[in-house]
file my_file.tsv (TSV, C-alpha atoms (C1' of nucleotides))
chain	number	residue	atom	x	y	z
N	27	MET	CA	126.96	16.72	46.69
N	28	ALA	CA	126.75	18.15	50.15
N	29	LEU	CA	123.42	17.80	51.91
N	30	PHE	CA	122.81	19.59	55.17
N	31	LEU	CA	119.79	18.53	57.20
N	32	SER	CA	118.40	19.10	60.66
N	33	THR	CA	119.31	21.72	63.24
N	34	PHE	CA	121.96	21.56	65.95
N	35	VAL	CA	122.59	24.01	68.75
N	36	ASN	CA	126.14	24.21	70.07
N	37	LYS	CA	127.85	26.33	72.64
N	38	VAL	CA	130.10	29.24	71.80
N	39	ASP	CA	133.01	29.36	74.23
N	40	ARG	CA	134.62	32.51	75.51
N	41	LYS	CA	137.14	32.46	72.68
N	42	GLY	CA	134.35	32.50	70.12
N	43	ARG	CA	134.86	28.88	69.16
N	44	VAL	CA	131.97	26.61	68.30
N	45	SER	CA	131.84	23.02	67.09
N	46	VAL	CA	130.45	22.44	63.63
N	47	PRO	CA	128.07	19.46	63.92
N	48	ALA	CA	129.83	16.25	62.97
N	49	THR	CA	127.19	15.42	60.37
N	50	PHE	CA	127.80	18.74	58.64
N	51	ARG	CA	131.52	18.15	58.64
N	52	ALA	CA	130.88	14.78	57.08
N	53	ALA	CA	128.60	16.34	54.48
N	54	LEU	CA	131.36	18.75	53.50
N	55	GLY	CA	133.67	15.83	52.95
N	56	ALA	CA	137.35	16.31	52.19
N	57	GLN	CA	137.72	19.56	50.29
N	58	ARG	CA	140.77	21.57	49.35
N	59	PHE	CA	140.11	23.86	52.30
N	60	PRO	CA	139.30	22.07	55.58
N	61	GLY	CA	136.71	24.34	57.06
N	62	ILE	CA	133.64	26.29	56.12
N	63	VAL	CA	132.95	29.49	54.28
N	64	ALA	CA	130.52	31.97	55.82
N	65	PHE	CA	129.01	35.35	55.01
N	66	SER	CA	126.26	37.55	56.36
N	67	SER	CA	122.91	36.71	54.89
N	68	PHE	CA	121.50	39.57	52.86
N	69	LYS	CA	118.02	38.82	54.02
N	70	PHE	CA	118.23	37.53	57.57
N	71	PRO	CA	120.17	38.08	60.78
N	72	ALA	CA	122.05	34.89	60.06
N	73	LEU	CA	125.14	33.53	58.36
N	74	ASP	CA	125.05	31.62	55.10
N	75	CYS	CA	127.59	28.83	55.01
N	76	CYS	CA	128.97	26.28	52.60
N	77	GLY	CA	132.23	24.63	51.62
N	78	ILE	CA	134.98	26.20	49.56
N	79	ASP	CA	133.91	24.10	46.59
N	80	ARG	CA	130.83	26.17	46.14
N	81	MET	CA	132.85	29.36	46.18
N	82	GLU	CA	135.18	28.05	43.52
N	83	GLU	CA	132.22	27.17	41.40
N	84	LEU	CA	130.80	30.63	42.00
N	85	SER	CA	134.09	32.20	41.01
N	86	ILE	CA	134.00	30.42	37.69
N	87	ARG	CA	130.48	31.66	37.03
N	88	HIS	CA	131.61	35.09	38.11
N	89	GLU	CA	134.17	35.28	35.36
N	90	LEU	CA	131.58	34.38	32.77
N	91	LEU	CA	129.51	37.41	33.68
N	92	GLU	CA	129.96	40.65	31.84
N	93	GLN	CA	132.37	42.92	33.70
N	94	PHE	CA	130.92	46.13	35.06
N	95	SER	CA	127.45	44.62	35.02
N	96	GLU	CA	125.43	44.85	38.23
N	97	ASP	CA	125.32	41.10	38.66
N	98	TYR	CA	129.08	41.00	38.35
N	99	GLU	CA	129.52	43.64	41.00
N	100	ASN	CA	127.00	42.07	43.32
N	101	LEU	CA	128.88	38.82	43.23
N	102	SER	CA	132.15	40.66	43.76
N	103	ALA	CA	130.65	42.17	46.88
N	104	LEU	CA	129.73	38.73	48.08
N	105	PHE	CA	133.31	37.50	47.69
N	106	SER	CA	134.62	40.46	49.63
N	107	GLY	CA	132.33	39.66	52.54
N	108	VAL	CA	133.06	35.97	52.73
N	109	HIS	CA	135.08	34.56	55.61
N	110	GLU	CA	137.08	31.37	55.45
N	111	LEU	CA	136.73	29.64	58.81
N	112	PRO	CA	139.15	26.72	59.18
N	113	PHE	CA	138.46	23.79	61.46
N	114	ASP	CA	140.73	23.27	64.41
N	115	GLY	CA	141.76	19.72	65.27
N	116	GLU	CA	138.41	19.16	66.97
N	117	GLY	CA	136.21	20.40	64.15
N	118	ARG	CA	135.52	23.80	65.61
N	119	ILE	CA	135.53	27.20	63.94
N	120	VAL	CA	136.04	30.66	65.36
N	121	LEU	CA	133.21	33.06	64.67
N	122	PRO	CA	134.61	36.46	63.73
N	123	ALA	CA	133.13	39.19	65.91
N	124	HIS	CA	131.60	40.96	62.95
N	125	LEU	CA	129.71	37.90	61.78
N	126	ALA	CA	128.58	36.95	65.29
N	127	ALA	CA	127.26	40.49	65.71
N	128	HIS	CA	125.27	40.34	62.50
N	129	ALA	CA	123.53	37.21	63.69
N	130	GLY	CA	123.26	38.39	67.29
N	131	ILE	CA	125.15	35.32	68.49
N	132	THR	CA	126.66	35.30	71.95
N	133	GLU	CA	126.26	32.12	74.00
N	134	GLN	CA	124.93	29.60	71.53
N	135	ALA	CA	124.79	29.03	67.80
N	136	ALA	CA	122.17	27.07	65.86
N	137	PHE	CA	123.41	25.23	62.79
N	138	VAL	CA	120.48	25.01	60.42
N	139	GLY	CA	120.54	22.64	57.47
N	140	GLN	CA	119.30	24.23	54.24
N	141	GLY	CA	119.94	21.44	51.79
N	142	SER	CA	122.98	22.38	49.75
N	143	MET	CA	124.00	25.02	52.26
N	144	PHE	CA	123.43	25.74	55.92
N	145	GLN	CA	122.93	28.76	58.12
N	146	ILE	CA	124.05	29.79	61.58
N	147	TRP	CA	121.51	31.57	63.76
N	148	GLU	CA	121.12	32.77	67.26
N	149	PRO	CA	118.87	29.94	68.55
N	150	GLN	CA	116.10	32.12	69.90
N	151	ARG	CA	115.83	34.18	66.75
N	152	PHE	CA	115.80	31.09	64.62
N	153	GLU	CA	113.00	29.60	66.64
N	154	GLU	CA	110.88	32.67	66.08
N	155	ARG	CA	111.68	32.74	62.41
N	156	ARG	CA	110.90	29.06	62.11
N	157	ALA	CA	107.55	29.45	63.82
N	158	ALA	CA	106.62	32.28	61.50
N	159	VAL	CA	107.50	30.29	58.39
N	160	LEU	CA	105.61	27.25	59.65
N	161	GLU	CA	102.56	29.38	60.19
N	162	ARG	CA	102.78	30.65	56.64
N	163	VAL	CA	103.11	27.13	55.31
N	164	ARG	CA	100.02	26.09	57.25
N	165	ARG	CA	98.08	28.89	55.65
N	166	GLN	CA	99.42	28.74	52.11
N	167	GLY	CA	100.52	25.16	51.78
N	168	LEU	CA	103.85	24.05	50.41
N	169	LYS	CA	104.50	24.41	46.71
N	170	LEU	CA	107.23	22.42	45.04
N	171	PRO	CA	108.44	22.79	41.50
N	172	PRO	CA	107.91	19.65	39.44
N	173	LEU	CA	110.89	17.34	39.21
N	174	GLY	CA	112.66	16.97	35.91
N	175	ARG	CA	113.44	20.49	34.88
N	176	GLY	CA	115.64	21.92	37.63
N	177	THR	CA	114.77	24.99	39.61
N	178	GLN	CA	117.31	27.19	37.89
B	15	MET	CA	143.22	28.11	40.98
B	16	ALA	CA	143.59	31.32	42.91
B	17	LEU	CA	140.60	32.32	44.99
B	18	PHE	CA	140.59	35.58	46.92
B	19	LEU	CA	137.96	35.92	49.62
B	20	SER	CA	137.19	38.29	52.47
B	21	THR	CA	138.57	41.74	53.23
B	22	PHE	CA	141.65	42.66	55.25
B	23	VAL	CA	142.77	46.10	56.33
B	24	ASN	CA	146.49	46.57	56.86
B	25	LYS	CA	148.63	49.51	57.77
B	26	VAL	CA	150.79	51.42	55.34
B	27	ASP	CA	154.03	52.33	57.08
B	28	ARG	CA	155.98	55.52	56.51
B	29	LYS	CA	158.04	53.85	53.81
B	30	GLY	CA	154.91	53.06	51.82
B	31	ARG	CA	155.08	49.37	52.64
B	32	VAL	CA	152.02	47.27	53.35
B	33	SER	CA	151.61	43.57	54.13
B	34	VAL	CA	149.67	41.51	51.63
B	35	PRO	CA	147.36	39.28	53.71
B	36	ALA	CA	148.89	35.86	54.27
B	37	THR	CA	145.84	34.11	52.85
B	38	PHE	CA	146.17	36.09	49.62
B	39	ARG	CA	149.84	35.22	49.38
B	40	ALA	CA	148.90	31.60	49.85
B	41	ALA	CA	146.21	31.88	47.17
B	42	LEU	CA	148.80	33.22	44.74
B	43	GLY	CA	150.99	30.23	45.45
B	44	ALA	CA	154.47	29.95	44.01
B	45	GLN	CA	154.52	31.75	40.72
B	46	ARG	CA	157.32	32.74	38.43
B	47	PHE	CA	157.21	36.25	39.85
B	48	PRO	CA	157.02	36.40	43.67
B	49	GLY	CA	154.72	39.35	44.17
B	50	ILE	CA	151.54	40.85	42.83
B	51	VAL	CA	150.56	42.75	39.74
B	52	ALA	CA	148.47	45.91	40.13
B	53	PHE	CA	146.84	48.55	37.98
B	54	SER	CA	144.36	51.33	38.43
B	55	SER	CA	140.77	50.20	38.16
B	56	PHE	CA	138.99	51.71	35.18
B	57	LYS	CA	135.80	52.23	37.12
B	58	PHE	CA	136.69	52.74	40.78
B	59	PRO	CA	139.21	54.60	42.91
B	60	ALA	CA	140.91	51.30	43.58
B	61	LEU	CA	143.63	48.99	42.33
B	62	ASP	CA	142.94	45.75	40.53
B	63	CYS	CA	145.41	43.06	41.50
B	64	CYS	CA	146.33	39.51	40.60
B	65	GLY	CA	149.32	37.27	40.11
B	66	ILE	CA	151.61	37.34	37.11
B	67	ASP	CA	149.97	34.15	35.88
B	68	ARG	CA	146.82	35.98	35.02
B	69	MET	CA	148.73	38.58	33.05
B	70	GLU	CA	150.44	35.89	31.05
B	71	GLU	CA	147.08	34.35	30.33
B	72	LEU	CA	145.74	37.75	29.32
B	73	SER	CA	148.69	38.21	27.02
B	74	ILE	CA	147.85	35.01	25.23
B	75	ARG	CA	144.30	36.15	24.73
B	76	HIS	CA	145.64	39.51	23.62
B	77	GLU	CA	147.49	37.83	20.80
B	78	LEU	CA	144.29	36.20	19.64
B	79	LEU	CA	142.62	39.55	19.10
B	80	GLU	CA	142.77	41.24	15.77
B	81	GLN	CA	145.66	43.67	15.79
B	82	PHE	CA	144.80	47.34	15.53
B	83	SER	CA	141.26	46.58	16.62
B	84	GLU	CA	139.84	48.63	19.47
B	85	ASP	CA	139.77	45.64	21.78
B	86	TYR	CA	143.39	44.97	21.02
B	87	GLU	CA	144.35	48.54	21.82
B	88	ASN	CA	142.29	48.59	24.98
B	89	LEU	CA	144.09	45.58	26.31
B	90	SER	CA	147.40	47.08	25.26
B	91	ALA	CA	146.55	50.12	27.32
B	92	LEU	CA	145.89	47.92	30.29
B	93	PHE	CA	149.30	46.25	30.00
B	94	SER	CA	151.03	49.59	29.83
B	95	GLY	CA	149.53	50.62	33.18
B	96	VAL	CA	150.40	47.47	35.08
B	97	HIS	CA	152.92	47.54	37.92
B	98	GLU	CA	154.82	44.53	39.18
B	99	LEU	CA	155.09	44.78	42.96
B	100	PRO	CA	157.53	42.25	44.42
B	101	PHE	CA	157.23	40.91	47.95
B	102	ASP	CA	159.93	41.68	50.44
B	103	GLY	CA	161.03	38.97	52.84
B	104	GLU	CA	157.95	39.56	55.02
B	105	GLY	CA	155.35	39.47	52.26
B	106	ARG	CA	154.99	43.22	51.92
B	107	ILE	CA	154.81	45.36	48.81
B	108	VAL	CA	155.57	49.01	48.21
B	109	LEU	CA	152.70	50.97	46.75
B	110	PRO	CA	153.92	53.29	43.99
B	111	ALA	CA	152.86	56.88	44.68
B	112	HIS	CA	150.83	57.09	41.50
B	113	LEU	CA	148.74	54.02	42.35
B	114	ALA	CA	148.28	55.05	45.97
B	115	ALA	CA	147.07	58.43	44.77
B	116	HIS	CA	144.54	56.91	42.41
B	117	ALA	CA	143.02	54.96	45.29
B	118	GLY	CA	143.42	57.79	47.80
B	119	ILE	CA	145.45	55.54	50.08
B	120	THR	CA	147.52	57.07	52.84
B	121	GLU	CA	147.41	55.38	56.24
B	122	GLN	CA	145.64	52.11	55.59
B	123	ALA	CA	144.88	49.79	52.71
B	124	ALA	CA	141.96	47.39	52.40
B	125	PHE	CA	142.64	44.17	50.50
B	126	VAL	CA	139.34	43.12	49.03
B	127	GLY	CA	138.78	39.60	47.70
B	128	GLN	CA	137.01	39.48	44.33
B	129	GLY	CA	137.15	35.80	43.53
B	130	SER	CA	139.82	35.29	40.92
B	131	MET	CA	141.33	38.72	41.61
B	132	PHE	CA	141.45	41.21	44.43
B	133	GLN	CA	141.38	44.96	44.85
B	134	ILE	CA	143.11	47.46	47.10
B	135	TRP	CA	141.00	50.33	48.45
B	136	GLU	CA	141.22	53.13	50.88
B	137	PRO	CA	139.21	51.52	53.73
B	138	GLN	CA	136.73	54.34	54.19
B	139	ARG	CA	135.93	54.58	50.51
B	140	PHE	CA	135.51	50.86	50.26
B	141	GLU	CA	133.10	50.84	53.17
B	142	GLU	CA	130.91	53.37	51.40
B	143	ARG	CA	131.05	51.46	48.17
B	144	ARG	CA	130.25	48.23	49.98
B	145	ALA	CA	127.25	49.73	51.73
B	146	ALA	CA	125.89	51.00	48.42
B	147	VAL	CA	126.17	47.63	46.70
B	148	LEU	CA	124.69	45.86	49.71
B	149	GLU	CA	121.72	48.16	49.64
B	150	ARG	CA	121.17	47.39	45.99
B	151	VAL	CA	121.40	43.67	46.60
B	152	ARG	CA	118.89	43.87	49.41
B	153	ARG	CA	116.44	45.64	47.14
B	154	GLN	CA	116.97	43.62	43.98
B	155	GLY	CA	118.13	40.33	45.36
B	156	LEU	CA	121.21	38.49	44.20
B	157	LYS	CA	120.83	37.01	40.76
B	158	LEU	CA	123.22	34.35	39.61
B	159	PRO	CA	121.91	33.66	36.13
B	160	PRO	CA	123.72	30.43	35.36
B	161	LEU	CA	123.66	28.90	38.82
B	162	GLY	CA	120.65	30.18	40.72
B	163	ARG	CA	121.46	29.69	44.32
B	164	GLY	CA	118.21	29.21	46.19
B	165	THR	CA	115.92	31.89	47.44
B	166	GLN	CA	118.32	34.62	48.41
F	23	DT	C1'	117.22	-7.87	75.81
F	24	DG	C1'	120.18	-5.67	78.87
F	25	DG	C1'	124.47	-4.35	80.51
F	26	DG	C1'	129.06	-3.22	79.70
F	27	DT	C1'	132.54	-1.34	76.78
F	28	DA	C1'	134.47	1.41	73.31
F	29	DA	C1'	134.19	5.18	70.24
F	30	DT	C1'	132.62	9.59	68.94
F	31	DC	C1'	131.70	14.21	69.90
F	32	DA	C1'	131.34	18.60	72.16
F	33	DT	C1'	133.93	21.45	75.23
F	34	DG	C1'	137.79	23.68	77.98
F	35	DG	C1'	142.51	25.16	78.71
F	36	DT	C1'	147.51	25.84	77.59
F	37	DA	C1'	151.54	26.34	74.64
F	38	DT	C1'	153.41	27.48	70.33
F	39	DA	C1'	153.92	29.52	65.84
F	40	DT	C1'	152.45	32.79	62.63
F	41	DC	C1'	151.59	37.27	61.10
F	42	DG	C1'	151.68	42.10	60.88
F	43	DT	C1'	154.61	45.79	62.05
F	44	DG	C1'	158.74	48.63	62.90
F	45	DG	C1'	163.48	49.89	62.46
F	46	DG	C1'	168.27	49.51	61.10
F	47	DT	C1'	171.75	48.52	57.40
F	48	DT	C1'	173.75	47.58	53.16
F	49	DC	C1'	173.91	47.87	48.35
F	50	DG	C1'	173.53	50.26	44.05
F	51	DA	C1'	172.45	54.18	41.21
F	52	DG	C1'	172.91	58.87	40.03
I	16	DC	C1'	179.40	61.24	47.87
I	17	DT	C1'	174.42	61.22	48.68
I	18	DC	C1'	170.05	59.50	48.33
I	19	DG	C1'	166.71	55.96	47.85
I	20	DA	C1'	165.29	51.37	47.71
I	21	DA	C1'	165.67	46.59	48.92
I	22	DC	C1'	167.23	43.25	52.46
I	23	DC	C1'	167.76	41.64	57.08
I	24	DC	C1'	166.65	41.30	61.82
I	25	DA	C1'	163.65	42.02	65.94
I	26	DC	C1'	159.32	42.07	68.60
I	27	DG	C1'	154.50	41.88	70.37
I	28	DA	C1'	149.93	40.48	69.67
I	29	DT	C1'	147.00	37.23	68.20
I	30	DA	C1'	145.36	33.15	66.37
I	31	DT	C1'	146.27	28.39	65.68
I	32	DA	C1'	147.78	23.81	67.04
I	33	DC	C1'	147.99	20.62	70.64
I	34	DC	C1'	146.43	18.16	74.66
I	35	DA	C1'	142.95	16.88	78.21
I	36	DT	C1'	138.21	15.72	79.92
I	37	DG	C1'	133.23	14.60	80.38
I	38	DA	C1'	129.29	13.07	78.38
I	39	DT	C1'	126.61	10.95	75.19
I	40	DT	C1'	126.00	7.57	71.80
I	41	DA	C1'	126.76	3.46	69.32
I	42	DC	C1'	128.29	-1.16	69.39
I	43	DC	C1'	129.09	-5.75	71.01
I	44	DC	C1'	128.61	-9.61	73.67
I	45	DA	C1'	126.57	-12.14	77.18

call {"tool": "encode", "arguments": {"input": "my_file.tsv", "output": "structure tokens"}}
result
Amino acid sequence: MALFLSTFVNKVDRKGRVSVPATFRAALGAQRFPGIVAFSSFKFPALDCCGIDRMEELSIRHELLEQFSEDYENLSALFSGVHELPFDGEGRIVLPAHLAAHAGITEQAAFVGQGSMFQIWEPQRFEERRAAVLERVRRQGLKLPPLGRGTQ
Amino acid sequence: MALFLSTFVNKVDRKGRVSVPATFRAALGAQRFPGIVAFSSFKFPALDCCGIDRMEELSIRHELLEQFSEDYENLSALFSGVHELPFDGEGRIVLPAHLAAHAGITEQAAFVGQGSMFQIWEPQRFEERRAAVLERVRRQGLKLPPLGRGTQ
DNA sequence: TGGGTAATCATGGTATATCGTGGGTTCGAG
DNA sequence: CTCGAACCCACGATATACCATGATTACCCA
């Protein structure tokens, strides 16, 4: 199981290429598709990312849903917005202009571990977001579901 | 396992030809019939598409249904509306006039990944549809009943 | 423990191949 | 004989593969 931790800021070159942190590449392991899968976050100015494995799993679940249901269509919309970003020989990806725009990324990209997935942010925006969340945690504390009966 | 992701807009030339995105062709792999299978969507002004494999699988399931039942007849109706669209040497298909009309396609065609299948839309119409679904997702959140992917 | 060495990783540039697109031509059907 | 559809060939743009370099890190040995 892939586990993405920590945050790494890398440079985006003039061709839109950016190195995926080596530890993230290692976490992805050897999958059918050598690269990452990315889509605009519905909630943040950021990109949600994972390996193709997760998409295949999602596709299977998708087919189990009732056709024409809202959940089914929502997931269909997700598939249509997903981008497959292959690694080049050096472990870099090319950020499509549309995705970079959604995240406001120009010079640098922050790779943010999120456990089973990771996100890509514009570093400055992420820092602000992070500070805000930390503040909330300080006020409210951190609640965790008990172990043993998954979070599903 | 075929997995169709992302959205690609290609041009329809004056002969009615349009390139199927290379990644989709790759996802189809080498099947008995080199091309795609398309039929008018029941719900949208779009075309539902897949490889011949899926139709064969559907046919098997068709046989398992009780003959003369409504479900059986519904599926029969689907088969009768299916078009086999072979690739030319460059990976293009010719959109039959009737199908193009149903989707309102003239100049351009949007190939929309839907996981195990894909759709073909008139780009402008798809954009509107996409915006509507996205809005709904933002309001309601994305529920994946069986899987539950995090906080999104 | 400290220095030296080797490996890994991020980054930059160039060359090549792929892909989408357009047009011509031949074959077959009516 | 005529029309339409499928096949073949050509081309430009773009994205991908390949190669090179500097810097940092990890490792090893003294």

call {"tool": "interface_residues", "arguments": {"input": "my_file.tsv", "of": "chain N", "to": "chain B", "cutoff": "7 Å", "atoms": "only C-alpha atoms", "output": "list in words"}}
result
Phe68, Lys69, Ser85, Asp97, Asn100, Ser102, Ala103, Phe105, Ser106, Gly107, Val108, His109 and Gln178 of chain N

call {"tool": "interface_residues", "arguments": {"input": "my_file.tsv", "of": "chain I", "to": "chain N", "cutoff": "12 Å", "atoms": "only C-alpha atoms (C1' of nucleotides)", "output": "list in words"}}
result
DT29, DA30, DT31, DA32, DC33 and DC34 of chain I

call {"tool": "calpha_fit_rmsd", "arguments": {"input": "my_file.tsv", "fixed": "chain B", "moving": "chain N"}}
result
3.1 Å

call {"tool": "axis_aligned_box", "arguments": {"input": "my_file.tsv", "around": "region 34-40 of chain I", "padding_each_side": "4 Å", "output": "AutoDock Vina command-line options"}}
result
--center_x 136.2 --center_y 12.9 --center_z 76.1 --size_x 28.4 --size_y 18.6 --size_z 16.6

call {"tool": "interface_residues", "arguments": {"input": "my_file.tsv", "of": "chain B", "to": "chain F", "cutoff": "12 Å", "atoms": "only C-alpha atoms (C1' of nucleotides)", "output": "ChimeraX atom specification"}}
result
/B:22-29,31-37,104-106

call {"tool": "closest_residue", "arguments": {"input": "my_file.tsv", "among": "N:Phe94, N:Glu99, N:Glu89, N:Ile131", "to": "Arg151 (chain N)", "atoms": "only C-alpha atoms"}}
result
N:Ile131

call {"tool": "atom_distance", "arguments": {"input": "my_file.tsv", "atom1": "CA of Ala111 (chain B)", "atom2": "C1' of DG19 (chain I)"}}
result
14.2 Å

call {"tool": "build_atoms", "arguments": {"input": "my_file.tsv", "residues": "region 48-66 of chain B", "atoms": "N, CA and C atoms", "output": "PDB file, keeping the file's coordinate frame"}}
result
ATOM      1  N   PRO B  48     157.497  36.380  42.278  1.00  0.00           N
ATOM      2  CA  PRO B  48     157.020  36.400  43.670  1.00  0.00           C
ATOM      3  C   PRO B  48     156.552  37.805  44.051  1.00  0.00           C
ATOM      4  N   GLY B  49     155.288  38.052  43.868  1.00  0.00           N
ATOM      5  CA  GLY B  49     154.720  39.350  44.170  1.00  0.00           C
ATOM      6  C   GLY B  49     153.352  39.463  43.536  1.00  0.00           C
ATOM      7  N   ILE B  50     152.846  40.657  43.468  1.00  0.00           N
ATOM      8  CA  ILE B  50     151.540  40.850  42.830  1.00  0.00           C
ATOM      9  C   ILE B  50     151.689  41.815  41.656  1.00  0.00           C
ATOM     10  N   VAL B  51     150.626  41.884  40.904  1.00  0.00           N
ATOM     11  CA  VAL B  51     150.560  42.750  39.740  1.00  0.00           C
ATOM     12  C   VAL B  51     149.354  43.665  39.954  1.00  0.00           C
ATOM     13  N   ALA B  52     149.543  44.963  39.796  1.00  0.00           N
ATOM     14  CA  ALA B  52     148.470  45.910  40.130  1.00  0.00           C
ATOM     15  C   ALA B  52     148.333  46.988  39.067  1.00  0.00           C
ATOM     16  N   PHE B  53     147.084  47.415  38.889  1.00  0.00           N
ATOM     17  CA  PHE B  53     146.840  48.550  37.980  1.00  0.00           C
ATOM     18  C   PHE B  53     145.585  49.281  38.422  1.00  0.00           C
ATOM     19  N   SER B  54     145.504  50.516  38.035  1.00  0.00           N
ATOM     20  CA  SER B  54     144.360  51.330  38.430  1.00  0.00           C
ATOM     21  C   SER B  54     143.090  50.773  37.816  1.00  0.00           C
ATOM     22  N   SER B  55     142.064  50.644  38.663  1.00  0.00           N
ATOM     23  CA  SER B  55     140.770  50.200  38.160  1.00  0.00           C
ATOM     24  C   SER B  55     140.210  51.254  37.208  1.00  0.00           C
ATOM     25  N   PHE B  56     139.554  50.780  36.155  1.00  0.00           N
ATOM     26  CA  PHE B  56     138.990  51.710  35.180  1.00  0.00           C
ATOM     27  C   PHE B  56     137.756  52.406  35.745  1.00  0.00           C
ATOM     28  N   LYS B  57     137.112  51.741  36.695  1.00  0.00           N
ATOM     29  CA  LYS B  57     135.800  52.230  37.120  1.00  0.00           C
ATOM     30  C   LYS B  57     135.794  52.815  38.531  1.00  0.00           C
ATOM     31  N   PHE B  58     136.722  52.344  39.372  1.00  0.00           N
ATOM     32  CA  PHE B  58     136.690  52.740  40.780  1.00  0.00           C
ATOM     33  C   PHE B  58     137.997  53.381  41.218  1.00  0.00           C
ATOM     34  N   PRO B  59     137.957  54.108  42.324  1.00  0.00           N
ATOM     35  CA  PRO B  59     139.210  54.600  42.910  1.00  0.00           C
ATOM     36  C   PRO B  59     139.864  53.473  43.680  1.00  0.00           C
ATOM     37  N   ALA B  60     140.345  52.496  42.958  1.00  0.00           N
ATOM     38  CA  ALA B  60     140.910  51.300  43.580  1.00  0.00           C
ATOM     39  C   ALA B  60     141.923  50.683  42.626  1.00  0.00           C
ATOM     40  N   LEU B  61     142.650  49.691  43.150  1.00  0.00           N
ATOM     41  CA  LEU B  61     143.630  48.990  42.330  1.00  0.00           C
ATOM     42  C   LEU B  61     143.175  47.566  42.087  1.00  0.00           C
ATOM     43  N   ASP B  62     143.217  47.141  40.852  1.00  0.00           N
ATOM     44  CA  ASP B  62     142.940  45.750  40.530  1.00  0.00           C
ATOM     45  C   ASP B  62     144.239  44.978  40.611  1.00  0.00           C
ATOM     46  N   CYS B  63     144.181  43.813  41.259  1.00  0.00           N
ATOM     47  CA  CYS B  63     145.410  43.060  41.500  1.00  0.00           C
ATOM     48  C   CYS B  63     145.217  41.581  41.196  1.00  0.00           C
ATOM     49  N   CYS B  64     146.322  40.954  40.839  1.00  0.00           N
ATOM     50  CA  CYS B  64     146.330  39.510  40.600  1.00  0.00           C
ATOM     51  C   CYS B  64     147.773  39.042  40.577  1.00  0.00           C
ATOM     52  N   GLY B  65     147.972  37.798  40.244  1.00  0.00           N
ATOM     53  CA  GLY B  65     149.320  37.270  40.110  1.00  0.00           C
ATOM     54  C   GLY B  65     149.780  37.420  38.666  1.00  0.00           C
ATOM     55  N   ILE B  66     151.045  37.191  38.455  1.00  0.00           N
ATOM     56  CA  ILE B  66     151.610  37.340  37.110  1.00  0.00           C
ATOM     57  C   ILE B  66     151.007  36.318  36.154  1.00  0.00           C
TER      58      ILE B  66
END
